[in-house]
$ cat target.cif   # mmCIF, C-alpha atoms and all ligand atoms
data_target
#
loop_
_atom_site.label_atom_id
_atom_site.label_comp_id
_atom_site.auth_asym_id
_atom_site.auth_seq_id
_atom_site.Cartn_x
_atom_site.Cartn_y
_atom_site.Cartn_z
CA MET Z 1 0.00 0.00 0.00
CA LYS Z 2 1.33 3.42 -0.92
CA LYS Z 3 2.33 5.59 2.02
CA ILE Z 4 1.58 9.32 2.19
CA GLY Z 5 3.35 11.50 4.76
CA ILE Z 6 1.34 14.34 6.25
CA LEU Z 7 3.14 17.12 8.05
CA ALA Z 8 1.60 17.13 11.53
CA VAL Z 9 3.39 19.80 13.53
CA GLN Z 10 0.48 22.27 13.44
CA GLY Z 11 -2.75 22.96 11.57
CA ALA Z 12 -5.40 21.01 9.69
CA PHE Z 13 -3.71 17.65 9.14
CA ILE Z 14 -6.39 15.31 10.57
CA GLU Z 15 -8.86 16.01 7.76
CA HIS Z 16 -6.22 15.23 5.11
CA GLU Z 17 -5.42 11.99 6.91
CA LYS Z 18 -9.05 10.94 6.93
CA MET Z 19 -9.65 11.76 3.27
CA ILE Z 20 -6.46 10.05 2.09
CA SER Z 21 -6.99 6.90 4.14
CA ASP Z 22 -10.63 6.74 2.94
CA LEU Z 23 -9.20 6.78 -0.59
CA GLY Z 24 -7.22 3.62 0.24
CA TYR Z 25 -3.75 4.88 1.06
CA SER Z 26 -1.75 4.46 4.22
CA VAL Z 27 -0.89 7.70 6.01
CA VAL Z 28 1.90 8.60 8.38
CA GLU Z 29 2.03 11.73 10.53
CA LEU Z 30 5.32 13.59 10.21
CA ARG Z 31 6.03 15.01 13.66
CA GLN Z 32 9.78 14.64 13.78
CA LYS Z 33 12.73 14.15 11.49
CA SER Z 34 12.81 10.37 11.94
CA ASP Z 35 9.24 10.08 10.55
CA ILE Z 36 10.48 11.25 7.13
CA LYS Z 37 11.30 7.98 5.39
CA SER Z 38 10.09 5.81 2.50
CA LEU Z 39 7.15 7.98 1.50
CA ASP Z 40 5.23 7.95 -1.79
CA GLY Z 41 3.70 11.41 -1.35
CA LEU Z 42 3.77 14.43 0.95
CA VAL Z 43 0.98 16.72 2.22
CA LEU Z 44 1.69 20.13 3.73
CA PRO Z 45 -1.59 21.16 5.41
CA GLY Z 46 -3.13 24.54 6.18
CA GLY Z 47 -2.51 26.28 9.46
CA GLU Z 48 -0.19 29.13 10.26
CA SER Z 49 2.84 29.23 7.99
CA THR Z 50 4.98 31.27 10.41
CA VAL Z 51 4.35 28.77 13.21
CA GLN Z 52 4.90 25.78 10.95
CA GLY Z 53 8.08 27.31 9.55
CA LYS Z 54 9.47 27.95 13.02
CA LEU Z 55 8.63 24.43 14.18
CA LEU Z 56 10.22 22.92 11.07
CA ASN Z 57 13.39 24.84 11.86
CA ASP Z 58 13.37 23.95 15.55
CA LEU Z 59 12.69 20.27 14.80
CA ASP Z 60 15.37 20.20 12.11
CA MET Z 61 12.82 19.01 9.56
CA LEU Z 62 13.21 21.76 6.96
CA GLU Z 63 16.21 20.28 5.12
CA PRO Z 64 15.03 16.63 5.01
CA LEU Z 65 11.64 17.76 3.73
CA LYS Z 66 13.31 19.98 1.14
CA GLU Z 67 15.26 16.95 -0.07
CA LEU Z 68 12.09 14.89 -0.19
CA ILE Z 69 10.36 17.55 -2.31
CA SER Z 70 13.28 17.64 -4.74
CA SER Z 71 13.22 13.82 -4.96
CA ASN Z 72 10.13 14.22 -7.16
CA ILE Z 73 7.45 12.49 -5.09
CA PRO Z 74 4.06 14.23 -5.39
CA VAL Z 75 3.59 17.10 -2.95
CA LEU Z 76 0.27 18.74 -2.06
CA GLY Z 77 0.59 22.06 -0.25
CA THR Z 78 -2.67 23.63 0.88
CA CYS Z 79 -3.02 27.17 2.17
CA ALA Z 80 -0.16 27.55 4.70
CA GLY Z 81 1.44 24.60 2.86
CA LEU Z 82 1.38 26.61 -0.37
CA ILE Z 83 3.12 29.47 1.47
CA LEU Z 84 5.83 27.06 2.69
CA LEU Z 85 6.44 25.87 -0.89
CA ALA Z 86 6.51 29.31 -2.52
CA GLN Z 87 9.72 30.78 -3.85
CA LYS Z 88 8.59 34.22 -2.72
CA ILE Z 89 6.03 35.68 -0.30
CA SER Z 90 5.24 39.23 -1.37
CA ASN Z 91 4.22 40.48 2.07
CA ASP Z 92 6.57 38.44 4.25
CA PRO Z 93 10.38 38.24 4.08
CA ASN Z 94 10.51 34.52 4.93
CA VAL Z 95 11.16 31.73 2.46
CA TYR Z 96 10.75 28.15 3.65
CA PHE Z 97 11.12 25.39 1.01
CA GLY Z 98 11.22 27.89 -1.86
CA SER Z 99 10.67 25.03 -4.31
CA LEU Z 100 7.55 26.24 -6.16
CA PRO Z 101 8.32 29.08 -8.60
CA VAL Z 102 5.44 31.36 -7.64
CA THR Z 103 4.97 34.53 -5.63
CA VAL Z 104 2.18 34.27 -3.06
CA LYS Z 105 0.50 36.86 -0.91
CA ARG Z 106 -0.43 35.78 2.62
CA ASN Z 107 -3.85 36.61 4.09
CA ALA Z 108 -4.54 38.00 0.68
CA TYR Z 109 -8.31 38.41 0.92
CA GLY Z 110 -8.27 40.94 3.74
CA ARG Z 111 -10.39 40.81 6.84
CA GLN Z 112 -13.90 40.97 5.43
CA LEU Z 113 -13.38 38.15 2.99
CA GLY Z 114 -11.31 36.19 5.48
CA SER Z 115 -13.25 33.00 4.91
CA PHE Z 116 -15.59 31.94 2.12
CA ASN Z 117 -16.75 28.97 0.06
CA CYS Z 118 -17.26 28.67 -3.65
CA GLN Z 119 -17.23 26.15 -6.47
CA SER Z 120 -14.88 26.50 -9.37
CA ASP Z 121 -12.79 24.58 -11.86
CA PHE Z 122 -9.74 22.62 -10.79
CA GLY Z 123 -7.82 21.47 -13.84
CA ALA Z 124 -10.21 19.31 -15.87
CA HIS Z 125 -12.74 19.12 -13.03
CA ARG Z 126 -15.78 21.40 -12.85
CA ASP Z 127 -17.47 22.88 -9.78
CA VAL Z 128 -14.97 21.65 -7.21
CA ASP Z 129 -15.82 22.72 -3.64
CA MET Z 130 -13.36 25.32 -2.36
CA THR Z 131 -13.16 26.58 1.21
CA PHE Z 132 -10.89 29.57 1.78
CA ILE Z 133 -9.72 30.43 5.31
CA ARG Z 134 -7.49 33.51 5.64
CA ALA Z 135 -6.03 32.22 2.42
CA PRO Z 136 -3.08 33.23 0.30
CA PHE Z 137 -3.34 33.53 -3.47
CA ILE Z 138 -0.72 33.27 -6.17
CA GLU Z 139 0.18 36.71 -7.50
CA SER Z 140 2.49 35.50 -10.23
CA ALA Z 141 3.92 32.24 -11.48
CA SER Z 142 6.80 31.35 -13.75
CA ASP Z 143 5.93 30.25 -17.30
CA ASP Z 144 6.47 26.56 -16.62
CA VAL Z 145 3.86 26.51 -13.84
CA GLU Z 146 0.51 25.02 -14.86
CA ILE Z 147 -2.44 27.05 -13.58
CA LEU Z 148 -5.17 24.71 -12.28
CA SER Z 149 -7.72 27.12 -10.76
CA VAL Z 150 -8.55 30.80 -11.03
CA VAL Z 151 -11.20 32.39 -8.80
CA ASP Z 152 -12.08 36.08 -9.16
CA GLU Z 153 -9.10 36.53 -11.46
CA LYS Z 154 -6.71 35.21 -8.81
CA ILE Z 155 -4.70 32.04 -9.22
CA VAL Z 156 -5.68 29.68 -6.40
CA ALA Z 157 -4.20 26.36 -7.57
CA ALA Z 158 -1.13 25.57 -9.62
CA ARG Z 159 1.21 22.72 -10.40
CA TYR Z 160 4.92 22.67 -11.10
CA LYS Z 161 6.40 19.22 -11.82
CA ASN Z 162 5.58 17.14 -8.73
CA GLN Z 163 4.30 20.04 -6.61
CA ILE Z 164 0.67 21.14 -6.35
CA GLY Z 165 0.01 24.37 -4.46
CA ILE Z 166 -3.53 25.29 -3.48
CA SER Z 167 -4.94 28.36 -1.69
CA PHE Z 168 -8.06 26.65 -0.42
CA HIS Z 169 -8.77 23.66 1.86
CA PRO Z 170 -9.67 20.62 -0.30
CA GLU Z 171 -9.69 18.39 2.80
CA LEU Z 172 -12.87 20.01 4.19
CA GLY Z 173 -16.20 18.67 2.98
CA THR Z 174 -16.79 15.63 0.82
CA ASP Z 175 -15.31 16.55 -2.57
CA THR Z 176 -12.28 14.30 -2.94
CA ARG Z 177 -11.25 15.24 -6.50
CA VAL Z 178 -8.22 17.36 -5.55
CA HIS Z 179 -6.84 14.53 -3.42
CA GLU Z 180 -7.56 11.98 -6.15
CA TYR Z 181 -5.62 14.13 -8.60
CA PHE Z 182 -2.70 14.37 -6.15
CA LEU Z 183 -2.79 10.63 -5.40
CA SER Z 184 -2.90 9.80 -9.12
CA LEU Z 185 0.64 11.21 -9.26
CA ALA Z 186 1.83 8.92 -6.43
N1 LIG Z 201 -3.15 32.74 7.06
C1 LIG Z 201 -2.35 31.57 7.16
C2 LIG Z 201 -0.87 31.86 6.93
O1 LIG Z 201 -0.53 32.93 6.56
C3 LIG Z 201 -2.80 30.50 6.21
C4 LIG Z 201 -4.22 30.11 6.52
C5 LIG Z 201 -4.55 28.68 6.28
O2 LIG Z 201 -3.67 27.81 6.15
N2 LIG Z 201 -5.82 28.39 6.28
O3 LIG Z 201 -0.06 31.01 7.11
#
$ encode --input "target.cif" --output "structure tokens"
Amino acid sequence: MKKIGILAVQGAFIEHEKMISDLGYSVVELRQKSDIKSLDGLVLPGGESTVQGKLLNDLDMLEPLKELISSNIPVLGTCAGLILLAQKISNDPNVYFGSLPVTVKRNAYGRQLGSFNCQSDFGAHRDVDMTFIRAPFIESASDDVEILSVVDEKIVAARYKNQIGISFHPELGTDTRVHEYFLSLA
């Protein structure tokens, strides 16, 4: 059975675990460096990117995860996970993995639109459920990045090689198509 590692230092990892195990994969929570081994896929969940980034540094997990991402296994970064992957954050000086050639803006929807739901296209799929929670969006992407979703003229999902970066929370609700797409790469 294929094994998917889910970063579990902070944030919304439980819902990813449930969805991925319901889809027939084995999941392992990545809480420390020694958990990072023989994985067929990696999920970086939503949460608070600054907190996650600090914990990854403190736990010495940043470098091994960076290596894992460059080893070409499929990576799904959602919300804070997208921020961790981004090469640049326009309103924050930090860079974490810096492996996805996009510029993201954190908390990009402002206070009033902090959280909202909608349905929109994700790659070839129509009307995919999207829940945004104090979400980032992608302000710009390099030419070799495939744009998967655009909502209100903002890029909210994109793929570069093995990495998928998503602004919204595909693990909430019952629509499993984003996870199925990710797992199809595993
Ligand atoms: N606002 C969070 C951040 O900047 C991301 C929110 C989320 O992951 N739902 O890290």
$ residues_near_ligand --input "target.cif" --ligand "ligand LIG 201 (chain Z)" --cutoff "12 Å" --atoms "only C-alpha atoms and all ligand atoms" --output "PyMOL selection string"
chain Z and resi 10-13+44-54+77-86+89-92+94+96+104-111+114-116+130-137+165-172
$ atom_distance --input "target.cif" --atom1 "CA of Leu148 in chain Z" --atom2 "CA of Leu76 in chain Z"
13.0 Å
$ atom_distance --input "target.cif" --atom1 "CA of Lys2 in chain Z" --atom2 "CA of Leu183 in chain Z"
9.4 Å
$ closest_residue --input "target.cif" --among "Z:Leu56, Z:Leu23, Z:Ser38, Z:Pro74" --to "Leu7 in chain Z" --atoms "all atoms listed in the file"
Z:Leu56
$ atom_distance --input "target.cif" --atom1 "CA of Ile36 in chain Z" --atom2 "CA of Asn72 in chain Z"
14.6 Å
$ closest_residue --input "target.cif" --among "Z:Phe97, Z:Tyr181, Z:Tyr25, Z:Tyr160" --to "Gly5 in chain Z" --atoms "only C-alpha atoms"
Z:Tyr25
$ closest_residue --input "target.cif" --among "Z:Val9, Z:Ser120, Z:Gly173, Z:Val178" --to "Val150 in chain Z" --atoms "only C-alpha atoms"
Z:Ser120
$ closest_residue --input "target.cif" --among "Z:Glu180, Z:Asp35, Z:Asp40, Z:Asp143" --to "Leu59 in chain Z" --atoms "all atoms listed in the file"
Z:Asp35
$ closest_residue --input "target.cif" --among "Z:Ile155, Z:Leu68, Z:Ala8, Z:Ile20" --to "Thr176 in chain Z" --atoms "only C-alpha atoms"
Z:Ile20
$ decode --input "target.cif" --residues "range 28-164 of chain Z" --atoms "C-alpha atoms" --output "mmCIF file, in the first residue's frame"
data_model
loop_
_atom_site.group_PDB
_atom_site.id
_atom_site.type_symbol
_atom_site.label_atom_id
_atom_site.label_comp_id
_atom_site.auth_asym_id
_atom_site.auth_seq_id
_atom_site.Cartn_x
_atom_site.Cartn_y
_atom_site.Cartn_z
ATOM 1 C CA VAL Z 28 1.896 8.598 8.377
ATOM 2 C CA GLU Z 29 2.032 11.731 10.529
ATOM 3 C CA LEU Z 30 5.316 13.593 10.208
ATOM 4 C CA ARG Z 31 6.032 15.013 13.656
ATOM 5 C CA GLN Z 32 9.782 14.641 13.785
ATOM 6 C CA LYS Z 33 12.731 14.149 11.488
ATOM 7 C CA SER Z 34 12.806 10.365 11.944
ATOM 8 C CA ASP Z 35 9.243 10.083 10.549
ATOM 9 C CA ILE Z 36 10.481 11.252 7.134
ATOM 10 C CA LYS Z 37 11.295 7.980 5.393
ATOM 11 C CA SER Z 38 10.091 5.809 2.504
ATOM 12 C CA LEU Z 39 7.148 7.977 1.497
ATOM 13 C CA ASP Z 40 5.235 7.948 -1.791
ATOM 14 C CA GLY Z 41 3.705 11.409 -1.345
ATOM 15 C CA LEU Z 42 3.766 14.434 0.950
ATOM 16 C CA VAL Z 43 0.978 16.717 2.217
ATOM 17 C CA LEU Z 44 1.685 20.128 3.727
ATOM 18 C CA PRO Z 45 -1.587 21.161 5.414
ATOM 19 C CA GLY Z 46 -3.126 24.535 6.180
ATOM 20 C CA GLY Z 47 -2.507 26.275 9.457
ATOM 21 C CA GLU Z 48 -0.187 29.132 10.259
ATOM 22 C CA SER Z 49 2.842 29.233 7.994
ATOM 23 C CA THR Z 50 4.979 31.273 10.406
ATOM 24 C CA VAL Z 51 4.351 28.775 13.215
ATOM 25 C CA GLN Z 52 4.896 25.776 10.945
ATOM 26 C CA GLY Z 53 8.082 27.310 9.554
ATOM 27 C CA LYS Z 54 9.465 27.949 13.017
ATOM 28 C CA LEU Z 55 8.630 24.427 14.181
ATOM 29 C CA LEU Z 56 10.225 22.915 11.065
ATOM 30 C CA ASN Z 57 13.391 24.840 11.858
ATOM 31 C CA ASP Z 58 13.368 23.947 15.550
ATOM 32 C CA LEU Z 59 12.686 20.272 14.804
ATOM 33 C CA ASP Z 60 15.372 20.199 12.112
ATOM 34 C CA MET Z 61 12.815 19.006 9.565
ATOM 35 C CA LEU Z 62 13.210 21.757 6.965
ATOM 36 C CA GLU Z 63 16.210 20.279 5.123
ATOM 37 C CA PRO Z 64 15.034 16.634 5.007
ATOM 38 C CA LEU Z 65 11.640 17.756 3.726
ATOM 39 C CA LYS Z 66 13.308 19.978 1.139
ATOM 40 C CA GLU Z 67 15.259 16.952 -0.067
ATOM 41 C CA LEU Z 68 12.085 14.890 -0.185
ATOM 42 C CA ILE Z 69 10.360 17.553 -2.313
ATOM 43 C CA SER Z 70 13.277 17.638 -4.741
ATOM 44 C CA SER Z 71 13.220 13.816 -4.956
ATOM 45 C CA ASN Z 72 10.131 14.223 -7.162
ATOM 46 C CA ILE Z 73 7.453 12.486 -5.086
ATOM 47 C CA PRO Z 74 4.059 14.231 -5.391
ATOM 48 C CA VAL Z 75 3.586 17.103 -2.954
ATOM 49 C CA LEU Z 76 0.266 18.738 -2.061
ATOM 50 C CA GLY Z 77 0.595 22.065 -0.253
ATOM 51 C CA THR Z 78 -2.672 23.630 0.876
ATOM 52 C CA CYS Z 79 -3.017 27.175 2.174
ATOM 53 C CA ALA Z 80 -0.158 27.555 4.697
ATOM 54 C CA GLY Z 81 1.436 24.597 2.864
ATOM 55 C CA LEU Z 82 1.384 26.611 -0.371
ATOM 56 C CA ILE Z 83 3.119 29.467 1.474
ATOM 57 C CA LEU Z 84 5.833 27.063 2.693
ATOM 58 C CA LEU Z 85 6.437 25.872 -0.888
ATOM 59 C CA ALA Z 86 6.513 29.311 -2.523
ATOM 60 C CA GLN Z 87 9.724 30.775 -3.848
ATOM 61 C CA LYS Z 88 8.589 34.219 -2.717
ATOM 62 C CA ILE Z 89 6.034 35.680 -0.299
ATOM 63 C CA SER Z 90 5.237 39.231 -1.373
ATOM 64 C CA ASN Z 91 4.222 40.477 2.072
ATOM 65 C CA ASP Z 92 6.574 38.436 4.254
ATOM 66 C CA PRO Z 93 10.375 38.240 4.085
ATOM 67 C CA ASN Z 94 10.510 34.522 4.935
ATOM 68 C CA VAL Z 95 11.164 31.731 2.456
ATOM 69 C CA TYR Z 96 10.749 28.147 3.653
ATOM 70 C CA PHE Z 97 11.115 25.394 1.008
ATOM 71 C CA GLY Z 98 11.225 27.887 -1.861
ATOM 72 C CA SER Z 99 10.671 25.034 -4.313
ATOM 73 C CA LEU Z 100 7.549 26.240 -6.163
ATOM 74 C CA PRO Z 101 8.325 29.084 -8.600
ATOM 75 C CA VAL Z 102 5.440 31.365 -7.644
ATOM 76 C CA THR Z 103 4.972 34.530 -5.628
ATOM 77 C CA VAL Z 104 2.181 34.269 -3.062
ATOM 78 C CA LYS Z 105 0.498 36.862 -0.908
ATOM 79 C CA ARG Z 106 -0.431 35.781 2.618
ATOM 80 C CA ASN Z 107 -3.849 36.608 4.093
ATOM 81 C CA ALA Z 108 -4.542 38.003 0.678
ATOM 82 C CA TYR Z 109 -8.311 38.408 0.923
ATOM 83 C CA GLY Z 110 -8.269 40.936 3.740
ATOM 84 C CA ARG Z 111 -10.388 40.809 6.839
ATOM 85 C CA GLN Z 112 -13.899 40.972 5.434
ATOM 86 C CA LEU Z 113 -13.385 38.151 2.988
ATOM 87 C CA GLY Z 114 -11.306 36.194 5.475
ATOM 88 C CA SER Z 115 -13.253 33.000 4.911
ATOM 89 C CA PHE Z 116 -15.595 31.943 2.124
ATOM 90 C CA ASN Z 117 -16.750 28.974 0.059
ATOM 91 C CA CYS Z 118 -17.258 28.666 -3.651
ATOM 92 C CA GLN Z 119 -17.227 26.154 -6.475
ATOM 93 C CA SER Z 120 -14.880 26.501 -9.367
ATOM 94 C CA ASP Z 121 -12.787 24.576 -11.857
ATOM 95 C CA PHE Z 122 -9.737 22.618 -10.791
ATOM 96 C CA GLY Z 123 -7.816 21.469 -13.843
ATOM 97 C CA ALA Z 124 -10.215 19.308 -15.870
ATOM 98 C CA HIS Z 125 -12.742 19.120 -13.026
ATOM 99 C CA ARG Z 126 -15.782 21.400 -12.854
ATOM 100 C CA ASP Z 127 -17.467 22.878 -9.777
ATOM 101 C CA VAL Z 128 -14.966 21.655 -7.212
ATOM 102 C CA ASP Z 129 -15.816 22.720 -3.638
ATOM 103 C CA MET Z 130 -13.360 25.317 -2.357
ATOM 104 C CA THR Z 131 -13.155 26.579 1.213
ATOM 105 C CA PHE Z 132 -10.890 29.572 1.777
ATOM 106 C CA ILE Z 133 -9.716 30.431 5.311
ATOM 107 C CA ARG Z 134 -7.486 33.507 5.637
ATOM 108 C CA ALA Z 135 -6.030 32.221 2.421
ATOM 109 C CA PRO Z 136 -3.083 33.233 0.296
ATOM 110 C CA PHE Z 137 -3.341 33.530 -3.475
ATOM 111 C CA ILE Z 138 -0.717 33.268 -6.172
ATOM 112 C CA GLU Z 139 0.178 36.710 -7.499
ATOM 113 C CA SER Z 140 2.494 35.497 -10.227
ATOM 114 C CA ALA Z 141 3.924 32.242 -11.485
ATOM 115 C CA SER Z 142 6.796 31.354 -13.754
ATOM 116 C CA ASP Z 143 5.934 30.255 -17.297
ATOM 117 C CA ASP Z 144 6.466 26.561 -16.625
ATOM 118 C CA VAL Z 145 3.863 26.510 -13.841
ATOM 119 C CA GLU Z 146 0.511 25.016 -14.861
ATOM 120 C CA ILE Z 147 -2.438 27.047 -13.585
ATOM 121 C CA LEU Z 148 -5.169 24.714 -12.279
ATOM 122 C CA SER Z 149 -7.718 27.125 -10.756
ATOM 123 C CA VAL Z 150 -8.546 30.804 -11.035
ATOM 124 C CA VAL Z 151 -11.199 32.393 -8.800
ATOM 125 C CA ASP Z 152 -12.076 36.082 -9.162
ATOM 126 C CA GLU Z 153 -9.096 36.528 -11.461
ATOM 127 C CA LYS Z 154 -6.712 35.209 -8.806
ATOM 128 C CA ILE Z 155 -4.696 32.037 -9.219
ATOM 129 C CA VAL Z 156 -5.682 29.680 -6.404
ATOM 130 C CA ALA Z 157 -4.201 26.357 -7.567
ATOM 131 C CA ALA Z 158 -1.133 25.568 -9.618
ATOM 132 C CA ARG Z 159 1.212 22.724 -10.398
ATOM 133 C CA TYR Z 160 4.919 22.672 -11.097
ATOM 134 C CA LYS Z 161 6.398 19.224 -11.817
ATOM 135 C CA ASN Z 162 5.578 17.136 -8.726
ATOM 136 C CA GLN Z 163 4.303 20.041 -6.611
ATOM 137 C CA ILE Z 164 0.674 21.138 -6.345
#
